[in-house]
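The file query_27.tsv contains TSV, C-alpha atoms and all ligand atoms:
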```tsv
chain	number	residue	atom	x	y	z
A	1	MET	CA	20.53	-19.38	-11.67
A	2	GLU	CA	23.31	-17.65	-9.75
A	3	THR	CA	22.62	-14.12	-8.48
A	4	LYS	CA	25.42	-12.77	-10.66
A	5	HIS	CA	23.78	-14.18	-13.80
A	6	THR	CA	20.37	-12.76	-12.85
A	7	MET	CA	21.97	-9.36	-12.36
A	8	GLU	CA	23.74	-9.52	-15.73
A	9	LEU	CA	20.60	-10.53	-17.63
A	10	SER	CA	18.51	-7.90	-15.85
A	11	GLN	CA	21.01	-5.16	-16.57
A	12	GLN	CA	21.16	-6.11	-20.24
A	13	TYR	CA	17.53	-6.89	-21.05
A	14	LEU	CA	15.26	-4.92	-18.70
A	15	MET	CA	14.21	-1.32	-19.26
A	16	PRO	CA	16.24	0.56	-16.70
A	17	VAL	CA	13.39	1.95	-14.60
A	18	TYR	CA	14.54	0.14	-11.46
A	19	LYS	CA	17.85	0.25	-9.65
A	20	PRO	CA	17.75	-3.03	-7.70
A	21	LEU	CA	19.92	-3.80	-4.73
A	22	PRO	CA	22.51	-6.48	-5.48
A	23	VAL	CA	20.44	-9.45	-4.39
A	24	ALA	CA	18.02	-11.87	-6.09
A	25	PHE	CA	15.73	-13.84	-3.82
A	26	VAL	CA	14.71	-17.27	-5.04
A	27	ARG	CA	12.73	-18.68	-2.10
A	28	GLY	CA	10.64	-17.38	0.76
A	29	GLN	CA	8.87	-18.72	3.82
A	30	GLY	CA	7.17	-16.62	6.46
A	31	CYS	CA	9.45	-13.65	7.23
A	32	ARG	CA	12.51	-15.28	5.64
A	33	LEU	CA	14.00	-15.09	2.16
A	34	TRP	CA	16.86	-16.96	0.54
A	35	ASP	CA	19.08	-16.18	-2.45
A	36	ALA	CA	20.44	-18.71	-4.94
A	37	GLU	CA	23.65	-19.05	-2.96
A	38	GLY	CA	21.69	-20.17	0.12
A	39	ASN	CA	22.09	-16.93	2.12
A	40	GLN	CA	19.16	-16.29	4.43
A	41	TYR	CA	17.53	-12.89	5.00
A	42	LEU	CA	15.00	-11.58	7.50
A	43	ASP	CA	12.46	-9.64	5.46
A	44	PHE	CA	11.18	-6.37	6.95
A	45	VAL	CA	9.97	-5.06	3.60
A	46	ALA	CA	7.55	-7.87	2.63
A	47	GLY	CA	7.52	-6.88	-1.05
A	48	ILE	CA	6.66	-3.32	0.08
A	49	ALA	CA	3.78	-4.18	2.38
A	50	VAL	CA	2.47	-6.87	0.03
A	51	VAL	CA	3.16	-10.16	1.74
A	52	GLY	CA	1.19	-9.45	4.91
A	53	VAL	CA	0.54	-13.13	5.52
A	54	GLY	CA	4.22	-13.93	5.03
A	55	HIS	CA	5.96	-15.49	2.06
A	56	CYS	CA	4.32	-18.55	0.54
A	57	HIS	CA	1.69	-18.97	3.24
A	58	GLN	CA	0.56	-22.57	2.98
A	59	ARG	CA	-3.15	-21.72	2.83
A	60	VAL	CA	-2.62	-19.17	0.05
A	61	VAL	CA	-0.29	-21.48	-1.89
A	62	GLU	CA	-2.84	-24.29	-1.66
A	63	ALA	CA	-5.70	-22.01	-2.76
A	64	ILE	CA	-3.69	-20.80	-5.76
A	65	ALA	CA	-2.60	-24.33	-6.71
A	66	ALA	CA	-6.12	-25.74	-6.39
A	67	GLN	CA	-7.65	-22.86	-8.39
A	68	ALA	CA	-4.88	-23.08	-11.01
A	69	ARG	CA	-5.70	-26.74	-11.54
A	70	GLN	CA	-9.41	-26.01	-11.80
A	71	LEU	CA	-9.73	-22.74	-13.75
A	72	MET	CA	-7.49	-19.67	-13.94
A	73	HIS	CA	-9.22	-17.24	-16.23
A	74	THR	CA	-12.42	-16.85	-18.15
A	75	SER	CA	-13.60	-13.26	-18.52
A	76	ASN	CA	-15.88	-10.72	-16.92
A	77	LEU	CA	-18.19	-11.63	-19.81
A	78	TYR	CA	-19.24	-14.45	-17.46
A	79	TYR	CA	-19.88	-14.78	-13.74
A	80	ILE	CA	-16.81	-15.69	-11.68
A	81	PRO	CA	-17.55	-17.57	-8.42
A	82	PRO	CA	-14.46	-16.55	-6.36
A	83	GLN	CA	-14.86	-12.93	-7.52
A	84	ALA	CA	-18.43	-12.86	-6.23
A	85	GLN	CA	-17.35	-14.36	-2.91
A	86	LEU	CA	-14.43	-11.92	-2.57
A	87	ALA	CA	-16.68	-8.92	-3.22
A	88	GLN	CA	-19.08	-10.18	-0.56
A	89	ARG	CA	-16.21	-10.67	1.92
A	90	LEU	CA	-14.80	-7.17	1.36
A	91	ALA	CA	-18.28	-5.69	1.74
A	92	GLN	CA	-18.69	-7.57	5.04
A	93	LEU	CA	-15.33	-6.35	6.32
A	94	SER	CA	-15.67	-2.69	5.32
A	95	PHE	CA	-18.14	0.17	4.85
A	96	GLY	CA	-18.49	-0.86	1.20
A	97	ASP	CA	-21.31	-2.55	-0.68
A	98	ARG	CA	-19.81	-3.29	-4.09
A	99	CYS	CA	-16.35	-3.88	-5.60
A	100	PHE	CA	-14.58	-3.52	-8.91
A	101	PHE	CA	-11.47	-5.68	-9.23
A	102	ALA	CA	-8.26	-4.63	-10.93
A	103	ASN	CA	-4.69	-5.94	-10.95
A	104	SER	CA	-2.75	-3.28	-9.03
A	105	GLY	CA	-3.02	-0.26	-6.79
A	106	ALA	CA	-2.76	2.20	-9.65
A	107	GLU	CA	-5.54	0.44	-11.51
A	108	ALA	CA	-7.72	0.39	-8.42
A	109	ASN	CA	-7.18	4.15	-8.15
A	110	GLU	CA	-7.93	4.65	-11.85
A	111	ALA	CA	-11.25	2.94	-11.20
A	112	ALA	CA	-11.90	5.21	-8.20
A	113	ILE	CA	-11.10	8.34	-10.24
A	114	LYS	CA	-13.38	7.26	-13.07
A	115	LEU	CA	-16.11	6.28	-10.62
A	116	ALA	CA	-15.96	9.68	-8.89
A	117	ARG	CA	-16.21	11.49	-12.22
A	118	ARG	CA	-19.03	9.25	-13.42
A	119	TRP	CA	-20.90	9.84	-10.15
A	120	ALA	CA	-20.29	13.58	-10.39
A	121	GLY	CA	-21.56	13.67	-13.97
A	122	GLN	CA	-24.82	12.15	-12.78
A	123	HIS	CA	-25.22	14.12	-9.54
A	124	ARG	CA	-23.33	17.38	-9.92
A	125	GLY	CA	-23.02	18.19	-13.62
A	126	ASP	CA	-20.36	17.87	-16.27
A	127	ASP	CA	-18.18	20.75	-15.06
A	128	CYS	CA	-17.70	19.14	-11.66
A	129	LYS	CA	-14.91	16.65	-12.31
A	130	ASP	CA	-11.91	17.96	-10.32
A	131	ILE	CA	-10.27	15.90	-7.60
A	132	VAL	CA	-8.24	17.38	-4.76
A	133	THR	CA	-5.30	15.29	-3.57
A	134	ALA	CA	-2.36	15.97	-1.25
A	135	TYR	CA	1.23	16.94	-1.79
A	136	GLN	CA	3.57	14.06	-0.93
A	137	SER	CA	0.83	11.59	-1.81
A	138	PHE	CA	1.40	8.50	-3.92
A	139	HIS	CA	-1.38	6.94	-5.97
A	140	GLY	CA	0.44	5.06	-8.74
A	141	ARG	CA	2.33	5.32	-12.02
A	142	THR	CA	-0.35	5.36	-14.71
A	143	LEU	CA	-0.92	8.80	-16.19
A	144	ALA	CA	-4.07	9.60	-14.21
A	145	THR	CA	-2.61	8.30	-10.95
A	146	VAL	CA	0.65	10.17	-11.58
A	147	ALA	CA	-1.51	13.26	-12.05
A	148	ALA	CA	-3.24	12.42	-8.76
A	149	THR	CA	0.13	11.97	-7.05
A	150	GLY	CA	1.14	15.31	-5.57
A	151	GLN	CA	4.85	14.94	-6.23
A	152	GLU	CA	6.38	16.80	-9.14
A	153	LYS	CA	9.30	14.39	-9.49
A	154	PHE	CA	6.94	11.66	-10.72
A	155	GLN	CA	5.09	14.01	-13.07
A	156	LYS	CA	7.59	16.31	-14.70
A	157	PRO	CA	8.97	14.09	-17.51
A	158	PHE	CA	5.52	12.83	-18.50
A	159	HIS	CA	3.51	15.91	-19.36
A	160	PRO	CA	0.91	16.38	-20.66
A	161	LEU	CA	-0.92	14.74	-17.77
A	162	PRO	CA	-4.68	14.31	-17.54
A	163	PRO	CA	-6.10	17.55	-16.12
A	164	GLY	CA	-8.48	17.92	-13.19
A	165	PHE	CA	-6.24	17.46	-10.16
A	166	LYS	CA	-5.46	20.03	-7.48
A	167	TYR	CA	-3.04	19.59	-4.61
A	168	VAL	CA	-3.07	20.75	-1.01
A	169	PRO	CA	-0.70	20.16	1.90
A	170	PHE	CA	-1.61	16.96	3.79
A	171	ASN	CA	-3.05	17.39	7.28
A	172	ASP	CA	-4.08	20.99	6.53
A	173	ILE	CA	-7.83	21.56	6.74
A	174	PRO	CA	-7.85	25.30	5.93
A	175	ALA	CA	-5.92	24.60	2.71
A	176	LEU	CA	-8.38	21.88	1.74
A	177	ALA	CA	-11.36	24.09	2.52
A	178	GLU	CA	-9.82	26.77	0.30
A	179	ALA	CA	-9.15	24.34	-2.56
A	180	ILE	CA	-12.63	22.81	-2.81
A	181	ASP	CA	-14.84	24.72	-5.24
A	182	ASP	CA	-17.84	24.18	-7.51
A	183	HIS	CA	-15.74	22.08	-9.88
A	184	THR	CA	-14.61	19.62	-7.21
A	185	CYS	CA	-16.16	16.15	-7.21
A	186	ALA	CA	-13.89	14.37	-4.73
A	187	VAL	CA	-11.03	14.50	-2.28
A	188	MET	CA	-8.58	11.61	-2.56
A	189	LEU	CA	-6.16	10.85	0.28
A	190	GLU	CA	-4.15	8.11	1.90
A	191	THR	CA	-5.02	7.53	5.55
A	192	ILE	CA	-1.27	7.60	6.22
A	193	GLN	CA	0.95	8.85	3.40
A	194	ALA	CA	3.17	5.84	2.91
A	195	GLU	CA	5.55	6.37	-0.03
A	196	GLY	CA	5.64	10.08	0.80
A	197	GLY	CA	7.35	9.41	4.14
A	198	ILE	CA	4.93	7.58	6.49
A	199	ASN	CA	3.16	10.86	7.30
A	200	VAL	CA	0.52	10.25	9.95
A	201	PRO	CA	-2.14	12.98	10.06
A	202	ASP	CA	-3.59	14.38	13.28
A	203	ASP	CA	-6.46	12.34	14.72
A	204	ASP	CA	-9.00	15.02	13.82
A	205	TYR	CA	-7.82	15.44	10.20
A	206	LEU	CA	-9.82	12.73	8.42
A	207	PRO	CA	-13.02	13.50	10.39
A	208	ALA	CA	-12.64	17.17	9.37
A	209	VAL	CA	-12.04	16.12	5.73
A	210	ARG	CA	-15.21	14.01	5.90
A	211	GLU	CA	-17.14	17.00	7.24
A	212	LEU	CA	-15.90	19.22	4.43
A	213	CYS	CA	-16.81	16.61	1.81
A	214	ASP	CA	-20.31	16.30	3.31
A	215	GLU	CA	-20.76	20.08	3.42
A	216	HIS	CA	-19.92	20.31	-0.28
A	217	GLY	CA	-21.69	17.10	-1.30
A	218	ILE	CA	-18.52	15.59	-2.73
A	219	LEU	CA	-16.90	12.18	-2.38
A	220	LEU	CA	-14.13	11.10	-0.05
A	221	ILE	CA	-11.86	8.53	-1.71
A	222	LEU	CA	-9.38	6.83	0.60
A	223	ASP	CA	-6.41	5.12	-1.00
A	224	GLU	CA	-5.77	2.22	1.36
A	225	VAL	CA	-3.53	0.38	-1.08
A	226	GLN	CA	-0.70	0.36	1.46
A	227	THR	CA	-2.58	0.96	4.73
A	228	GLY	CA	-5.40	-1.53	4.16
A	229	LEU	CA	-5.89	-5.10	5.32
A	230	GLY	CA	-4.36	-4.97	8.76
A	231	ARG	CA	-1.13	-3.11	8.09
A	232	THR	CA	-1.86	-0.28	10.55
A	233	GLY	CA	-3.39	-2.51	13.25
A	234	ARG	CA	-6.96	-2.13	11.99
A	235	TRP	CA	-8.50	-3.83	8.98
A	236	PHE	CA	-8.51	-0.45	7.24
A	237	GLY	CA	-6.76	2.79	8.12
A	238	TYR	CA	-10.01	4.75	8.27
A	239	GLN	CA	-11.08	2.55	11.19
A	240	HIS	CA	-8.71	4.48	13.45
A	241	THR	CA	-11.31	7.24	13.13
A	242	ASN	CA	-15.10	7.31	13.43
A	243	ILE	CA	-15.61	8.15	9.76
A	244	GLN	CA	-16.06	6.16	6.59
A	245	PRO	CA	-15.06	7.04	3.04
A	246	ASP	CA	-17.35	6.85	0.01
A	247	VAL	CA	-14.75	4.97	-2.01
A	248	MET	CA	-11.71	2.97	-0.90
A	249	THR	CA	-8.97	1.34	-2.91
A	250	LEU	CA	-6.97	-1.76	-1.97
A	251	ALA	CA	-4.19	-3.76	-3.58
A	252	LYS	CA	-0.73	-4.74	-2.25
A	253	SER	CA	-1.50	-7.29	0.50
A	254	LEU	CA	-4.94	-8.29	-0.83
A	255	GLY	CA	-3.61	-11.27	-2.78
A	256	GLY	CA	-1.02	-12.46	-0.25
A	257	GLY	CA	1.63	-11.89	-2.93
A	258	PHE	CA	-0.58	-12.44	-5.97
A	259	PRO	CA	-1.48	-9.29	-7.96
A	260	ILE	CA	-4.98	-7.95	-7.38
A	261	GLY	CA	-6.49	-4.53	-6.70
A	262	ALA	CA	-9.97	-3.50	-5.62
A	263	CYS	CA	-12.08	-0.38	-5.70
A	264	VAL	CA	-14.75	-0.58	-3.01
A	265	ALA	CA	-17.73	1.78	-2.72
A	266	GLY	CA	-21.10	2.21	-1.06
A	267	GLU	CA	-24.21	1.30	-3.03
A	268	ASP	CA	-25.17	4.81	-4.20
A	269	VAL	CA	-21.73	5.65	-5.53
A	270	ALA	CA	-20.87	2.18	-6.87
A	271	THR	CA	-23.98	2.08	-9.02
A	272	ALA	CA	-22.93	5.26	-10.82
A	273	PHE	CA	-20.92	2.80	-12.94
A	274	GLN	CA	-23.04	1.18	-15.60
A	275	PRO	CA	-22.21	-1.72	-17.97
A	276	GLY	CA	-19.46	-0.62	-20.33
A	277	ASP	CA	-18.14	2.23	-18.14
A	278	HIS	CA	-15.08	0.37	-16.93
A	279	ALA	CA	-13.46	-3.03	-17.39
A	280	SER	CA	-10.31	-5.09	-17.12
A	281	THR	CA	-9.45	-8.29	-18.95
A	282	PHE	CA	-7.61	-9.80	-16.01
A	283	GLY	CA	-9.29	-7.91	-13.16
A	284	GLY	CA	-11.03	-10.23	-10.73
A	285	ASN	CA	-9.92	-13.43	-12.44
A	286	HIS	CA	-10.47	-16.78	-10.74
A	287	LEU	CA	-6.86	-17.22	-9.64
A	288	ALA	CA	-6.34	-13.76	-8.13
A	289	CYS	CA	-9.66	-13.89	-6.30
A	290	ALA	CA	-8.97	-17.35	-4.91
A	291	ALA	CA	-5.62	-16.05	-3.61
A	292	ALA	CA	-7.31	-13.01	-2.06
A	293	LEU	CA	-10.08	-15.06	-0.43
A	294	ALA	CA	-7.46	-17.31	1.18
A	295	THR	CA	-5.43	-14.27	2.24
A	296	LEU	CA	-8.42	-12.65	3.98
A	297	GLU	CA	-9.16	-15.95	5.71
A	298	VAL	CA	-5.56	-16.14	6.98
A	299	ILE	CA	-5.60	-12.52	8.20
A	300	GLU	CA	-8.78	-13.27	10.11
A	301	THR	CA	-8.07	-16.75	11.48
A	302	GLU	CA	-4.50	-15.94	12.52
A	303	GLY	CA	-5.49	-12.64	14.14
A	304	LEU	CA	-3.02	-10.69	12.00
A	305	VAL	CA	-4.77	-7.34	12.42
A	306	GLU	CA	-4.36	-7.60	16.18
A	307	ASN	CA	-0.82	-8.90	15.74
A	308	ALA	CA	0.09	-5.88	13.62
A	309	ALA	CA	-1.16	-3.54	16.35
A	310	ARG	CA	0.56	-5.44	19.17
A	311	ILE	CA	3.87	-6.19	17.44
A	312	GLY	CA	3.99	-2.71	15.95
A	313	ALA	CA	4.00	-1.25	19.46
A	314	VAL	CA	6.62	-3.79	20.61
A	315	LEU	CA	8.84	-3.07	17.61
A	316	THR	CA	8.55	0.69	18.14
A	317	GLN	CA	9.56	0.27	21.79
A	318	MET	CA	12.51	-1.97	20.86
A	319	LEU	CA	13.72	0.60	18.34
A	320	GLN	CA	13.48	3.38	20.91
A	321	ASP	CA	15.22	1.29	23.58
A	322	GLN	CA	18.08	0.05	21.42
A	323	LEU	CA	18.60	2.65	18.72
A	324	GLY	CA	17.67	5.57	20.98
A	325	PRO	CA	20.71	5.39	23.27
A	326	THR	CA	23.08	5.50	20.24
A	327	GLY	CA	21.99	9.11	19.70
A	328	LEU	CA	21.50	8.19	16.02
A	329	LEU	CA	17.70	7.86	16.14
A	330	ASP	CA	15.55	10.93	15.73
A	331	HIS	CA	12.17	9.23	16.21
A	332	VAL	CA	9.95	6.35	15.10
A	333	ARG	CA	6.60	7.16	13.50
A	334	GLY	CA	3.73	5.25	11.95
A	335	LYS	CA	0.96	2.93	13.02
A	336	GLY	CA	0.90	-0.83	13.49
A	337	LEU	CA	3.49	-2.36	11.18
A	338	LEU	CA	3.79	0.65	8.87
A	339	LEU	CA	6.78	2.30	10.51
A	340	ALA	CA	9.39	4.89	9.65
A	341	VAL	CA	12.67	4.99	11.54
A	342	GLN	CA	13.84	8.57	11.27
A	343	LEU	CA	17.60	8.53	11.68
A	344	ALA	CA	19.87	11.38	12.66
A	345	ASP	CA	20.75	13.76	9.81
A	346	SER	CA	24.28	12.35	9.71
A	347	ILE	CA	23.07	8.83	8.86
A	348	SER	CA	22.35	7.85	5.27
A	349	ALA	CA	19.33	5.56	4.97
A	350	LYS	CA	20.70	4.05	1.74
A	351	GLU	CA	23.99	3.15	3.43
A	352	THR	CA	22.06	1.72	6.39
A	353	GLN	CA	19.93	-0.33	4.01
A	354	ARG	CA	23.09	-1.69	2.34
A	355	GLN	CA	24.71	-2.60	5.67
A	356	CYS	CA	21.52	-4.33	6.83
A	357	LEU	CA	21.30	-6.35	3.63
A	358	ALA	CA	24.90	-7.48	3.98
A	359	ALA	CA	24.03	-8.60	7.52
A	360	GLY	CA	20.91	-10.49	6.36
A	361	LEU	CA	18.15	-7.96	7.07
A	362	VAL	CA	15.95	-6.48	4.36
A	363	VAL	CA	14.79	-2.93	5.12
A	364	ASN	CA	13.78	-0.06	2.83
A	365	ALA	CA	15.47	3.33	2.52
A	366	LEU	CA	12.38	5.50	2.08
A	367	ALA	CA	14.05	8.89	2.17
A	368	GLU	CA	17.50	10.35	2.79
A	369	HIS	CA	17.45	9.59	6.51
A	370	THR	CA	14.34	7.41	6.76
A	371	ILE	CA	14.15	3.64	6.95
A	372	ARG	CA	10.74	2.05	6.32
A	373	LEU	CA	9.87	-1.14	8.20
A	374	VAL	CA	6.85	-3.02	6.81
A	375	PRO	CA	7.41	-6.67	7.79
A	376	PRO	CA	4.84	-9.41	7.23
A	377	LEU	CA	2.00	-9.09	9.77
A	378	ILE	CA	2.90	-12.56	11.09
A	379	VAL	CA	6.24	-11.25	12.40
A	380	THR	CA	7.14	-12.37	15.93
A	381	GLU	CA	8.79	-10.53	18.83
A	382	GLU	CA	11.90	-12.70	18.34
A	383	GLU	CA	12.15	-11.67	14.69
A	384	CYS	CA	11.68	-8.01	15.67
A	385	SER	CA	14.42	-8.34	18.26
A	386	GLU	CA	16.76	-9.86	15.66
A	387	ALA	CA	15.94	-7.09	13.18
A	388	VAL	CA	16.44	-4.27	15.67
A	389	GLN	CA	19.80	-5.72	16.68
A	390	ILE	CA	21.01	-5.88	13.07
A	391	LEU	CA	19.61	-2.42	12.32
A	392	THR	CA	21.27	-0.91	15.40
A	393	GLU	CA	24.63	-2.42	14.45
A	394	ALA	CA	24.20	-1.19	10.87
A	395	VAL	CA	23.41	2.35	11.97
A	396	ARG	CA	26.42	2.29	14.30
A	397	ALA	CA	28.63	1.07	11.44
A	398	VAL	CA	27.35	3.85	9.15
A	399	ALA	CA	28.13	6.39	11.88
A	400	GLY	CA	31.63	4.92	12.07
A	401	ASP	CA	31.18	3.84	15.70
A	501	LIG	C1	-0.95	4.35	-1.37
A	501	LIG	C2	-0.58	3.73	-2.67
A	501	LIG	N1	-1.42	3.85	-3.71
A	501	LIG	C3	-1.14	3.30	-4.89
A	501	LIG	C4	0.04	2.61	-5.11
A	501	LIG	C5	0.33	2.01	-6.46
A	501	LIG	O1	0.17	0.64	-6.39
A	501	LIG	P1	0.74	-0.29	-7.59
A	501	LIG	O2	2.22	-0.17	-7.56
A	501	LIG	O3	0.23	-1.66	-7.23
A	501	LIG	O4	0.15	0.23	-8.84
A	501	LIG	C6	0.94	2.48	-4.05
A	501	LIG	C7	2.22	1.79	-4.26
A	501	LIG	O5	3.16	1.92	-3.52
A	501	LIG	C8	0.63	3.06	-2.80
A	501	LIG	O6	1.47	2.97	-1.77
```
Let me see whether you can do it: turn the structure in this file into structure tokens.
Amino acid sequence: METKHTMELSQQYLMPVYKPLPVAFVRGQGCRLWDAEGNQYLDFVAGIAVVGVGHCHQRVVEAIAAQARQLMHTSNLYYIPPQAQLAQRLAQLSFGDRCFFANSGAEANEAAIKLARRWAGQHRGDDCKDIVTAYQSFHGRTLATVAATGQEKFQKPFHPLPPGFKYVPFNDIPALAEAIDDHTCAVMLETIQAEGGINVPDDDYLPAVRELCDEHGILLILDEVQTGLGRTGRWFGYQHTNIQPDVMTLAKSLGGGFPIGACVAGEDVATAFQPGDHASTFGGNHLACAAALATLEVIETEGLVENAARIGAVLTQMLQDQLGPTGLLDHVRGKGLLLAVQLADSISAKETQRQCLAAGLVVNALAEHTIRLVPPLIVTEEECSEAVQILTEAVRAVAGD
């Protein structure tokens, strides 16, 4: 189907919650995408940090195909072999002991919120159900996760929202200390605020949050939906510090492109959930778990965590070396391959994104003057060099150079 036809059908038949760019990809391989007209694109968005292993990784494709032929779905009424193996693997890789599987990041966070409240009900009493989150956070689009998201623009049209959330500025320990009271059961944060602008906290922030949580006997929930699974150059974002959360959520890159989310917790907290407390028809199905198991294997065997750390540093340097001298770069921030290119105030990120796309590079305009780069973790130095060249030319063109 021609791109034009896809656009026409989408505009006529889809609820208008998205405003897509004028492109429809039909094929992908590694860091490359193609549209129906055969145009090739270098992908530095990776489905918004989803396709860490690259598009259509052979191992993941084979695992999905084999599992699809064998058995796709039964139910959590029965044991599910790949789900059991995936839970074991995530427990081995992280602080966690047990998992609940969902289908998305928002659902993983819903599970974490319910788990924290269930735990609090058992350990702290029924009037201790509040969760403190951060302004500029992003935790999802369901009602509870919109309530957890400290950004009014996502909340305003959808009131009434579930109560029990309080917000504090990110990276501000005194504000958090002030906000925690006898009704608080948990603090929920991203290790780097991703959608909110790639906001990296100070090195001592998460350790101080952990200390506060311990002092008050409350849970620390880390939303690693975007930062998890190698993206920041460690398996999980919290591993840049010496602390561990009580609960962690994952999604995005867990399935190598296939939808799956996970809520991971230590034994004491995880077992606050009892049969009947939470469930999902599709969560942890055979197909999604087979995809995730293959994805974890690829991340490990191909050294993608290390690659993200190494290439992230190389890409940052290239951006500084090539974009810097134009005078149109403010700075680059982020960790590993979760990067924000902060452009000069005169440069529109949306216009830059459009110019890049026209030149065959997919980047994401995250804010007015911010470009997000979240390529697949398999990205090479050559691909980074190509991307930085296109991006530099695009920024120059936007500036009218
Ligand atoms: C940190 C974080 N949490 C949760 C979500 C929501 O994930 P999903 O869109 O899979 O529901 C996102 C999505 O961008 C995210 O970045």
Go through the chains and note each residue within 7 Å of ligand LIG 501 (chain A), using all atoms listed in the file, then give the set as an MDAnalysis selection string.
chainID A and resid 104:107 109 138:141 190 193:195 223:226 251:252
Need to verify the contact set: Leu71 of chain A, 8 Å, only C-alpha atoms, exclusion of same-chain residues closer than 3 positions in sequence. Can you return it as an MDAnalysis selection string?
chainID A and resid 67:68 74 286:287
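For the pair atom CA of Ile218 of chain A and atom CA of Ala116 of chain A, the separation is 8.9 Å.
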I want to know what sits within 10 Å of segment 99-102 of chain A, based on all atoms listed in the file, with residues of the same chain fewer than 2 positions away left out; could you give that as a ChimeraX atom specification?
/A:83-84,86-88,90-91,96-97,104-112,247-251,259-267,270,273,278-285,288-289
Mind giving me the straight-line distance from atom CA of Ile80 of chain A to atom CA of Phe258 of chain A in Å, one decimal?
17.5 Å
Any idea what's packed within 9 Å of His55 of chain A, counting all atoms listed in the file, ignoring anything in its chain fewer than 5 positions away? Could you give it as a VMD selection string?
chain A and resid 27 to 33 46 256 to 257 376
Save out the residues we just selected, C-alpha atoms, as a PDB file, in the frame of the given file.
```pdb
ATOM      1  CA  ARG A  27      12.730 -18.680  -2.100  1.00  0.00           C
ATOM      2  CA  GLY A  28      10.640 -17.380   0.760  1.00  0.00           C
ATOM      3  CA  GLN A  29       8.870 -18.720   3.820  1.00  0.00           C
ATOM      4  CA  GLY A  30       7.170 -16.620   6.460  1.00  0.00           C
ATOM      5  CA  CYS A  31       9.450 -13.650   7.230  1.00  0.00           C
ATOM      6  CA  ARG A  32      12.510 -15.280   5.640  1.00  0.00           C
ATOM      7  CA  LEU A  33      14.000 -15.090   2.160  1.00  0.00           C
ATOM      8  CA  ALA A  46       7.550  -7.870   2.630  1.00  0.00           C
ATOM      9  CA  GLY A 256      -1.020 -12.460  -0.250  1.00  0.00           C
ATOM     10  CA  GLY A 257       1.630 -11.890  -2.930  1.00  0.00           C
ATOM     11  CA  PRO A 376       4.840  -9.410   7.230  1.00  0.00           C
TER      12      PRO A 376
END
```
